[in-house]
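Participant: Pasting a structure below so you can have a look.
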Amino acid sequence: MHDIADFRSDTVTRPTPAMRQAMAEAEVGDDVLGDDPTVKRLEEMAAELLGKEAGLFVPSGTMGNAVSLGSQVAPGEEMIAEEWAHCLNFEAGGAAGLFGILTRTLRSHRGAMDPEELARWIRPGSLHTPRTAMVAVENSHNFHGGAVLPLENLKAIRELCLSRGVLTHMDGARIWNATAASGVPLAEYGGLCDSISVCLSKGLRAPVGSVVLGTRAMIDRARVFRKRLGGAMRQVGVIAAAGIVALSEMRSRIGQDHENARALAEGMARLPGIELDPAVVETNIIFVKVTAMEAAKFEEILRAEKIWMLATGDDQCRFVLHADVDREDVDRALAVMADVLGD
Ligand SMILES: *Cc1c(COP(=O)(O)O)cnc(C)c1O
């Protein structure tokens with residue numbers, strides 16, 4: 001049990017003692033000159049796990065998506081994504097602001113776009129119309145409550161994109177959660193896209209960093225965009241070292257977060273003033289509808305009880321499970337919520 005039960009995000013996790021030690025002892029060099037052996041090792045490890053040729057270490061998931069988009073879609077070309085895609089909604093408008101990418105969003109079933117609808121929107125480009133250059137998918141899907149994209153859906157989208165000469169990018173910030181929940185190997189997900197960006201700093205507990213994976217040629221282009229954005233870093237092996245520990249030791253613990261999420265969701269579903277179908281909770285993210293009061297008020301009341309979560313709408317809150325909250329925190333949160341809601 002922790003003094004504060006922090007359910008705001010899995011990004012709040014702190015590095016483990018093993019990570020701190022690896023960071024202290026990391027062998028480093030100037031990574032911009034290609035000299036940092038620790039960064040290279042991390043990039044190779046990630047590429048191997050996702051079944052890709054090469055990897056590029058970047059400071060954040062946002063930059064991972066940015067260099068993937070910027071390096072593969074030209075200004076004035078189009079990218080299609082699901083309406084709640086992180087890369088369009090929560091990355092400060094980078095696609096348009098940095099790269100002049102035209103974006104089209106489609107509605108979805110829990111993050112999974114309908115391939116038939118997608119097929120109608122993909123366009124080859126003409127004197128008048130932009131060319132669709134990329135389709136972006138997100139797995140697991142943050143704002144659809146950590147939903148895992150069905151493998152069949154990903155395969156259908158991949159096939160469609162290949163047949164129409166369109167690239168596929170996967171925002172795999174939480175690909176570890178998708179694999180833990182579905183049993184689909186990481187490399188199988190990697191095989192269903194041209195580029196994938198994965199986060200080391202969420203469920204895997206590293207303090208900083210993401211890795212972009214793709215072909216060697218794609219990664220070479222992405223490296224230029226990373227430089228352009230100011231994300232090329234020098235003796236950054238001190239950070240990459242924590243990422244190596246994350247990849248080698250932390251993937252196996254993700255399932256615990258999913259178990260805790262289920263326990264919290266099942267408990268909350270029984271409370272008055274909260275609406276939630278626990279069956280939709282597949283991974284570590286829970287969105288609930290709050291009917292008892294305004295979501296912001298509920299957030300404030302729980303915060304006073306040292307239970308932190310985020311109001312994500314007028315009547316909606318998000319709880320995220322991770323290594324720094326445990327089952328006792330979940331039980332305490334449920335007891336406090338029962339009190340507050342008058343169960
Ligand atoms: C967290 C997240 C990112 C990247 O976030 P950063 O805070 O920039 O590391 C990208 N996509 C999804 C789906 C995410 O949840």
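Just so we're on the same page: first chain in the structure tokens is A, next is B, and so on; residues restart at 1 for each chain, and ligands are numbered from 1 in the order they show up.
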Distance table requested - chain A against ligand 1, cut-off 10 Å, only C-alpha atoms and all ligand atoms: one row per qualifying residue with the closest atom pair and its distance in Å to one decimal, ordered by chain and rising residue number, as a tab-separated table.
Facilitator:
residue	atom	partner	partner_atom_place_in_ligand_line	distance
A:Ser9	CA	ligand 1	1 (C)	8.8
A:Asp10	CA	ligand 1	1 (C)	8.7
A:Thr11	CA	ligand 1	1 (C)	7.4
A:Val58	CA	ligand 1	9 (O)	9.4
A:Pro59	CA	ligand 1	9 (O)	7.5
A:Ser60	CA	ligand 1	9 (O)	3.9
A:Gly61	CA	ligand 1	4 (C)	3.4
A:Thr62	CA	ligand 1	8 (O)	3.6
A:Met63	CA	ligand 1	8 (O)	6.4
A:Gly64	CA	ligand 1	4 (C)	7.6
A:Asn65	CA	ligand 1	10 (C)	7.0
A:Ala66	CA	ligand 1	8 (O)	9.7
A:Trp84	CA	ligand 1	13 (C)	9.5
A:Ala85	CA	ligand 1	13 (C)	7.1
A:His86	CA	ligand 1	13 (C)	4.9
A:Cys87	CA	ligand 1	11 (N)	6.1
A:Leu88	CA	ligand 1	11 (N)	9.5
A:Asn89	CA	ligand 1	11 (N)	9.8
A:Phe90	CA	ligand 1	10 (C)	8.0
A:Glu91	CA	ligand 1	8 (O)	7.2
A:Val137	CA	ligand 1	13 (C)	9.4
A:Glu138	CA	ligand 1	13 (C)	6.0
A:Asn139	CA	ligand 1	13 (C)	7.2
A:Ser140	CA	ligand 1	13 (C)	7.1
A:His141	CA	ligand 1	13 (C)	6.0
A:Asn142	CA	ligand 1	13 (C)	5.1
A:Phe143	CA	ligand 1	13 (C)	7.9
A:His144	CA	ligand 1	13 (C)	10.0
A:Gly146	CA	ligand 1	15 (O)	8.9
A:Met170	CA	ligand 1	11 (N)	9.4
A:Asp171	CA	ligand 1	11 (N)	5.6
A:Gly172	CA	ligand 1	13 (C)	6.7
A:Ala173	CA	ligand 1	12 (C)	4.9
A:Arg174	CA	ligand 1	15 (O)	6.7
A:Ile175	CA	ligand 1	13 (C)	9.2
A:Ser197	CA	ligand 1	10 (C)	8.0
A:Val198	CA	ligand 1	10 (C)	8.1
A:Cys199	CA	ligand 1	9 (O)	6.5
A:Leu200	CA	ligand 1	9 (O)	8.5
A:Ser201	CA	ligand 1	9 (O)	7.1
A:Lys202	CA	ligand 1	1 (C)	7.4
A:Val208	CA	ligand 1	9 (O)	7.8
A:Gly209	CA	ligand 1	9 (O)	7.0
A:Ser210	CA	ligand 1	9 (O)	6.9
Participant: I'd like the contact shell of Lys306 of chain A - 9 Å cut-off, only C-alpha atoms, skipping same-chain residues fewer than 5 positions apart - returned as a PyMOL selection string.
Facilitator: chain A and resi 3-6
Participant: Hey, can you spit out that residue selection with N, CA, C and O atoms as a short mmCIF file (atom, residue, chain, number, x, y, z; two decimals), in the first residue's frame?
Facilitator:
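Saved as part24.cif:
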data_model
loop_
_atom_site.label_atom_id
_atom_site.label_comp_id
_atom_site.auth_asym_id
_atom_site.auth_seq_id
_atom_site.Cartn_x
_atom_site.Cartn_y
_atom_site.Cartn_z
N ASP A 3 1.13 5.63 0.34
CA ASP A 3 0.48 6.77 1.00
C ASP A 3 -0.53 7.40 0.05
O ASP A 3 -1.68 7.64 0.40
N ILE A 4 -0.08 7.63 -1.18
CA ILE A 4 -0.98 8.15 -2.21
C ILE A 4 -1.20 7.05 -3.24
O ILE A 4 -0.24 6.46 -3.73
N ALA A 5 -2.46 6.76 -3.53
CA ALA A 5 -2.77 5.81 -4.60
C ALA A 5 -2.95 6.62 -5.88
O ALA A 5 -3.95 7.31 -6.05
N ASP A 6 -1.96 6.58 -6.75
CA ASP A 6 -1.94 7.46 -7.92
C ASP A 6 -2.37 6.70 -9.17
O ASP A 6 -1.57 6.00 -9.80
#
Participant: Taking into account only C-alpha atoms, which residue in the set A:Lys227, A:Arg332, A:Lys52, A:Lys289 is nearest to Cys317 of chain A?
Facilitator: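 The shortest atom-to-atom distance to Cys317 of chain A comes from A:Lys289.
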Participant: Can you tell me, as an MDAnalysis selection string, what residues are no more than 10 Å from Ala222 of chain A when counting only C-alpha atoms, ignoring any on the same chain fewer than 6 positions away?
Facilitator: chainID A and resid 55:56 64 66:72 212:214 216 228
Participant: Between A:Phe225, A:Phe57, A:Trp121, A:Phe7, single out the one closest to Arg41 of chain A, counting only C-alpha atoms.
Facilitator: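 Distance minimum relative to Arg41 of chain A lands on A:Phe57.
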Participant: Hey, what's within 9 Å of Ala295 of chain A if we count only C-alpha atoms and toss same-chain stuff fewer than 2 positions away? As a ChimeraX atom specification, please?
Facilitator: /A:289-293,297-300,310-317
Participant: Which residues, written as a list in words, have at least one atom at most 10 Å from Ala119 of chain A, with only C-alpha atoms counted and residues fewer than 6 positions away on the same chain left out?
Facilitator: Ile157, Leu160, Cys161 and Arg164 of chain A
Participant: Can you pull out the residues contacting Pro272 of chain A? Cut-off 8 Å, using only C-alpha atoms, and skip same-chain residues under 5 positions away; I want them as a list in words.
Facilitator: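 Returned residues: Ala292, Leu341, Gly342 and Asp343 of chain A.
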Participant: Taking only C-alpha atoms into account, name the residue in A:Val211, A:Val73, A:Leu186, A:Ala296 that is nearest to Arg226 of chain A.
Facilitator: A:Val211
Participant: Which value, in Å to one decimal, gives the distance between atom CA of Val336 of chain A and atom CA of Ile307 of chain A?
Facilitator: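 Separating atom CA of Val336 of chain A from atom CA of Ile307 of chain A is a distance of 8.7 Å.
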Participant: Give me, as a ChimeraX atom specification, all polymer residues having an atom no more than 10 Å from Gly267 of chain A, counting only C-alpha atoms and skipping those fewer than 6 positions away in the same chain.
Facilitator: /A:261,278,330-331,333-335,337-338
Participant: Find the residue from A:Ala304, A:Ala26, A:Ala279, A:Met309 that sits nearest to Ile239 of chain A; use only C-alpha atoms when measuring.
Facilitator: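 Smallest separation from Ile239 of chain A among the options: A:Ala26.
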Participant: From a DSSP pass on the backbone, collect the residues of segment 261-312 of chain A flagged as strand (DSSP E) and hand them back as a list in words.
Facilitator: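 The residues of segment 261-312 of chain A classed as strand (DSSP E) are Ile274, Glu275, Ile285, Ile286, Phe287, Val288, Lys289, Val290, Ile307, Trp308, Leu310, Ala311 and Thr312 of chain A.
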Participant: Next, the residues of the selection above should be written as a CSV table (one decimal), in the first residue's frame with all heavy atoms.
Facilitator:
chain,number,residue,atom,x,y,z
A,274,ILE,N,-21.8,5.3,-10.4
A,274,ILE,CA,-20.7,5.1,-11.4
A,274,ILE,C,-21.3,4.1,-12.4
A,274,ILE,O,-21.9,3.1,-12.0
A,274,ILE,CB,-19.5,4.5,-10.7
A,274,ILE,CG1,-18.7,5.6,-9.9
A,274,ILE,CG2,-18.5,3.9,-11.7
A,274,ILE,CD1,-17.5,5.1,-9.3
A,275,GLU,N,-21.0,4.4,-13.7
A,275,GLU,CA,-21.4,3.4,-14.7
A,275,GLU,C,-20.2,2.9,-15.4
A,275,GLU,O,-19.4,3.6,-15.9
A,275,GLU,CB,-22.4,4.1,-15.7
A,275,GLU,CG,-23.8,4.3,-15.1
A,275,GLU,CD,-24.7,5.0,-16.1
A,275,GLU,OE1,-24.4,5.0,-17.3
A,275,GLU,OE2,-25.7,5.6,-15.5
A,285,ILE,N,-6.3,0.2,-18.3
A,285,ILE,CA,-7.0,1.5,-18.3
A,285,ILE,C,-8.5,1.3,-18.1
A,285,ILE,O,-9.1,0.5,-18.7
A,285,ILE,CB,-6.7,2.2,-19.6
A,285,ILE,CG1,-5.2,2.4,-19.8
A,285,ILE,CG2,-7.4,3.6,-19.6
A,285,ILE,CD1,-4.8,3.0,-21.1
A,286,ILE,N,-9.0,2.1,-17.2
A,286,ILE,CA,-10.5,2.1,-16.9
A,286,ILE,C,-11.1,3.5,-17.1
A,286,ILE,O,-10.6,4.4,-16.5
A,286,ILE,CB,-10.7,1.6,-15.5
A,286,ILE,CG1,-10.0,0.3,-15.2
A,286,ILE,CG2,-12.2,1.5,-15.3
A,286,ILE,CD1,-10.1,0.0,-13.7
A,287,PHE,N,-12.0,3.6,-18.0
A,287,PHE,CA,-12.8,4.8,-18.1
A,287,PHE,C,-14.2,4.5,-17.4
A,287,PHE,O,-14.8,3.5,-17.7
A,287,PHE,CB,-13.0,5.3,-19.5
A,287,PHE,CG,-11.9,6.0,-20.1
A,287,PHE,CD1,-10.8,5.3,-20.8
A,287,PHE,CD2,-11.8,7.4,-20.0
A,287,PHE,CE1,-9.8,6.0,-21.3
A,287,PHE,CE2,-10.7,8.1,-20.6
A,287,PHE,CZ,-9.7,7.4,-21.2
A,288,VAL,N,-14.6,5.4,-16.6
A,288,VAL,CA,-15.9,5.3,-16.0
A,288,VAL,C,-16.8,6.5,-16.2
A,288,VAL,O,-16.3,7.6,-16.4
A,288,VAL,CB,-15.9,5.0,-14.4
A,288,VAL,CG1,-15.2,3.7,-14.2
A,288,VAL,CG2,-15.2,6.2,-13.7
A,289,LYS,N,-18.1,6.3,-16.3
A,289,LYS,CA,-19.0,7.4,-16.3
A,289,LYS,C,-19.5,7.7,-14.9
A,289,LYS,O,-19.9,6.8,-14.2
A,289,LYS,CB,-20.2,7.1,-17.2
A,289,LYS,CG,-21.2,8.2,-17.4
A,289,LYS,CD,-22.2,7.8,-18.5
A,289,LYS,CE,-23.3,8.9,-18.5
A,289,LYS,NZ,-24.4,8.6,-19.4
A,290,VAL,N,-19.4,8.9,-14.5
A,290,VAL,CA,-19.8,9.3,-13.1
A,290,VAL,C,-21.1,10.0,-13.2
A,290,VAL,O,-21.2,11.0,-13.9
A,290,VAL,CB,-18.8,10.2,-12.5
A,290,VAL,CG1,-19.2,10.6,-11.0
A,290,VAL,CG2,-17.4,9.6,-12.5
A,307,ILE,N,-6.3,9.7,-3.1
A,307,ILE,CA,-6.6,8.8,-4.3
A,307,ILE,C,-6.6,9.7,-5.5
A,307,ILE,O,-7.5,10.5,-5.6
A,307,ILE,CB,-7.9,8.0,-4.1
A,307,ILE,CG1,-7.7,7.1,-2.9
A,307,ILE,CG2,-8.2,7.2,-5.3
A,307,ILE,CD1,-9.0,6.6,-2.3
A,308,TRP,N,-5.6,9.5,-6.4
A,308,TRP,CA,-5.5,10.5,-7.5
A,308,TRP,C,-6.0,9.7,-8.8
A,308,TRP,O,-5.5,8.6,-9.1
A,308,TRP,CB,-4.1,11.0,-7.6
A,308,TRP,CG,-3.6,11.8,-6.5
A,308,TRP,CD1,-4.3,12.1,-5.4
A,308,TRP,CD2,-2.3,12.4,-6.4
A,308,TRP,NE1,-3.5,12.9,-4.5
A,308,TRP,CE2,-2.3,13.1,-5.1
A,308,TRP,CE3,-1.2,12.5,-7.2
A,308,TRP,CZ2,-1.2,13.8,-4.7
A,308,TRP,CZ3,-0.1,13.2,-6.8
A,308,TRP,CH2,-0.1,13.8,-5.5
A,310,LEU,N,-7.8,11.0,-13.0
A,310,LEU,CA,-8.1,12.2,-13.8
A,310,LEU,C,-9.5,12.2,-14.3
A,310,LEU,O,-10.1,11.2,-14.8
A,310,LEU,CB,-7.1,12.1,-15.0
A,310,LEU,CG,-5.7,12.3,-14.8
A,310,LEU,CD1,-4.9,12.2,-16.1
A,310,LEU,CD2,-5.4,13.7,-14.2
A,311,ALA,N,-10.1,13.4,-14.1
A,311,ALA,CA,-11.4,13.6,-14.8
A,311,ALA,C,-11.1,13.9,-16.2
A,311,ALA,O,-10.3,14.8,-16.5
A,311,ALA,CB,-12.1,14.8,-14.1
A,312,THR,N,-11.7,13.2,-17.1
A,312,THR,CA,-11.3,13.3,-18.6
A,312,THR,C,-12.5,13.9,-19.4
A,312,THR,O,-12.5,13.9,-20.6
A,312,THR,CB,-10.9,12.0,-19.2
A,312,THR,OG1,-11.8,11.0,-18.8
A,312,THR,CG2,-9.5,11.6,-18.7
Participant: Residues of segment 15-141 of chain A in alpha helix (DSSP H) according to DSSP, as a PyMOL selection string?
Facilitator: chain A and resi 17-25+37-50+61-72+86-89+94-99+115-121
Participant: What does the file look like for those residues with N, CA and C atoms, as a compact mmCIF listing (two decimals), in the first residue's frame?
Facilitator:
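part_34.txt was written with the following content:
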# COMPACT_ATOMS: atom_id res chain seq x y z
N PRO A 17 15.38 0.10 -8.51
CA PRO A 17 16.79 0.12 -8.10
C PRO A 17 17.70 -0.47 -9.18
N ALA A 18 17.26 -1.53 -9.85
CA ALA A 18 18.08 -2.13 -10.91
C ALA A 18 18.30 -1.14 -12.06
N MET A 19 17.27 -0.35 -12.34
CA MET A 19 17.42 0.68 -13.39
C MET A 19 18.41 1.75 -12.96
N ARG A 20 18.28 2.20 -11.71
CA ARG A 20 19.20 3.23 -11.19
C ARG A 20 20.64 2.72 -11.29
N GLN A 21 20.83 1.47 -10.94
CA GLN A 21 22.18 0.92 -10.96
C GLN A 21 22.71 0.83 -12.39
N ALA A 22 21.85 0.34 -13.29
CA ALA A 22 22.26 0.24 -14.69
C ALA A 22 22.59 1.63 -15.26
N MET A 23 21.83 2.62 -14.83
CA MET A 23 22.09 3.99 -15.30
C MET A 23 23.46 4.48 -14.80
N ALA A 24 23.74 4.18 -13.53
CA ALA A 24 25.01 4.63 -12.94
C ALA A 24 26.21 3.99 -13.65
N GLU A 25 26.01 2.75 -14.07
CA GLU A 25 27.14 2.00 -14.60
C GLU A 25 27.20 1.99 -16.13
N PRO A 37 27.27 2.80 -27.04
CA PRO A 37 26.99 1.38 -27.16
C PRO A 37 25.71 0.95 -26.44
N THR A 38 25.37 1.68 -25.37
CA THR A 38 24.17 1.31 -24.61
C THR A 38 22.90 1.62 -25.42
N VAL A 39 22.90 2.78 -26.08
CA VAL A 39 21.76 3.14 -26.92
C VAL A 39 21.62 2.12 -28.06
N LYS A 40 22.75 1.77 -28.66
CA LYS A 40 22.70 0.80 -29.77
C LYS A 40 22.12 -0.52 -29.29
N ARG A 41 22.54 -0.94 -28.10
CA ARG A 41 22.05 -2.22 -27.58
C ARG A 41 20.54 -2.15 -27.36
N LEU A 42 20.06 -1.05 -26.81
CA LEU A 42 18.63 -0.89 -26.59
C LEU A 42 17.87 -0.93 -27.92
N GLU A 43 18.38 -0.20 -28.91
CA GLU A 43 17.69 -0.15 -30.20
C GLU A 43 17.66 -1.52 -30.85
N GLU A 44 18.75 -2.28 -30.72
CA GLU A 44 18.78 -3.63 -31.30
C GLU A 44 17.83 -4.58 -30.57
N MET A 45 17.81 -4.47 -29.25
CA MET A 45 16.90 -5.32 -28.46
C MET A 45 15.45 -5.09 -28.86
N ALA A 46 15.09 -3.80 -28.96
CA ALA A 46 13.70 -3.46 -29.29
C ALA A 46 13.36 -3.93 -30.70
N ALA A 47 14.30 -3.74 -31.63
CA ALA A 47 14.06 -4.15 -33.02
C ALA A 47 13.84 -5.66 -33.08
N GLU A 48 14.64 -6.39 -32.33
CA GLU A 48 14.51 -7.84 -32.34
C GLU A 48 13.15 -8.28 -31.76
N LEU A 49 12.76 -7.65 -30.66
CA LEU A 49 11.48 -8.01 -30.03
C LEU A 49 10.30 -7.76 -30.97
N LEU A 50 10.35 -6.63 -31.68
CA LEU A 50 9.22 -6.28 -32.54
C LEU A 50 9.37 -6.83 -33.96
N GLY A 61 7.15 9.26 -26.39
CA GLY A 61 6.24 8.63 -27.35
C GLY A 61 5.76 9.64 -28.38
N THR A 62 5.58 10.86 -27.93
CA THR A 62 5.15 11.91 -28.86
C THR A 62 6.19 12.10 -29.97
N MET A 63 7.47 12.12 -29.59
CA MET A 63 8.47 12.26 -30.64
C MET A 63 8.56 10.99 -31.50
N GLY A 64 8.29 9.85 -30.89
CA GLY A 64 8.27 8.60 -31.67
C GLY A 64 7.24 8.67 -32.79
N ASN A 65 6.04 9.14 -32.44
CA ASN A 65 5.02 9.29 -33.47
C ASN A 65 5.42 10.39 -34.45
N ALA A 66 5.96 11.49 -33.94
CA ALA A 66 6.30 12.63 -34.80
C ALA A 66 7.32 12.22 -35.87
N VAL A 67 8.39 11.55 -35.46
CA VAL A 67 9.41 11.21 -36.47
C VAL A 67 8.87 10.14 -37.44
N SER A 68 7.95 9.31 -36.97
CA SER A 68 7.36 8.30 -37.86
C SER A 68 6.48 8.96 -38.91
N LEU A 69 5.69 9.94 -38.47
CA LEU A 69 4.81 10.64 -39.40
C LEU A 69 5.64 11.53 -40.34
N GLY A 70 6.50 12.35 -39.76
CA GLY A 70 7.26 13.32 -40.54
C GLY A 70 8.14 12.67 -41.60
N SER A 71 8.70 11.51 -41.24
CA SER A 71 9.63 10.88 -42.17
C SER A 71 8.92 10.07 -43.26
N GLN A 72 7.61 9.86 -43.12
CA GLN A 72 6.93 8.98 -44.08
C GLN A 72 5.76 9.63 -44.82
N HIS A 86 -4.26 9.00 -30.18
CA HIS A 86 -3.36 9.85 -29.37
C HIS A 86 -2.56 10.79 -30.27
N CYS A 87 -2.08 10.27 -31.40
CA CYS A 87 -1.19 11.07 -32.25
C CYS A 87 -1.90 12.27 -32.87
N LEU A 88 -3.23 12.27 -32.88
CA LEU A 88 -3.96 13.42 -33.42
C LEU A 88 -4.53 14.30 -32.33
N ASN A 89 -4.87 13.70 -31.18
CA ASN A 89 -5.60 14.45 -30.15
C ASN A 89 -4.75 14.95 -29.00
N GLY A 94 0.92 18.08 -33.65
CA GLY A 94 2.20 17.95 -34.37
C GLY A 94 2.06 17.61 -35.84
N ALA A 95 1.14 16.73 -36.17
CA ALA A 95 1.02 16.29 -37.57
C ALA A 95 0.81 17.50 -38.48
N ALA A 96 -0.09 18.39 -38.06
CA ALA A 96 -0.35 19.59 -38.85
C ALA A 96 0.70 20.67 -38.58
N GLY A 97 0.98 20.90 -37.30
CA GLY A 97 1.83 22.02 -36.92
C GLY A 97 3.27 21.86 -37.36
N LEU A 98 3.77 20.64 -37.34
CA LEU A 98 5.17 20.43 -37.70
C LEU A 98 5.34 19.99 -39.15
N PHE A 99 4.40 19.20 -39.65
CA PHE A 99 4.66 18.52 -40.93
C PHE A 99 3.67 18.82 -42.04
N PRO A 115 -12.43 -1.83 -41.84
CA PRO A 115 -11.62 -1.85 -43.07
C PRO A 115 -12.41 -1.45 -44.31
N GLU A 116 -13.71 -1.77 -44.35
CA GLU A 116 -14.50 -1.41 -45.54
C GLU A 116 -14.68 0.10 -45.64
N GLU A 117 -14.90 0.73 -44.49
CA GLU A 117 -15.04 2.18 -44.48
C GLU A 117 -13.69 2.82 -44.84
N LEU A 118 -12.65 2.27 -44.25
CA LEU A 118 -11.30 2.78 -44.54
C LEU A 118 -11.01 2.71 -46.04
N ALA A 119 -11.41 1.62 -46.65
CA ALA A 119 -11.16 1.43 -48.08
C ALA A 119 -11.82 2.54 -48.90
N ARG A 120 -12.97 3.02 -48.42
CA ARG A 120 -13.68 4.08 -49.16
C ARG A 120 -12.97 5.42 -49.04
N TRP A 121 -12.20 5.63 -47.97
CA TRP A 121 -11.57 6.93 -47.75
C TRP A 121 -10.15 7.02 -48.31
Participant: Using only C-alpha atoms, which residue out of A:Ala217, A:Ile196, A:Leu167, A:Ala323 lies closest to Arg251 of chain A?
Facilitator: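 For Arg251 of chain A, the nearest of the candidates is A:Ala323.
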Participant: Which of these, A:Thr132, A:Thr179, A:Ser248, A:Thr103, has the shortest distance to Arg205 of chain A once you count only C-alpha atoms?
Facilitator: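 Ranking A:Thr132, A:Thr179, A:Ser248, A:Thr103 by distance to Arg205 of chain A, first place goes to A:Ser248.
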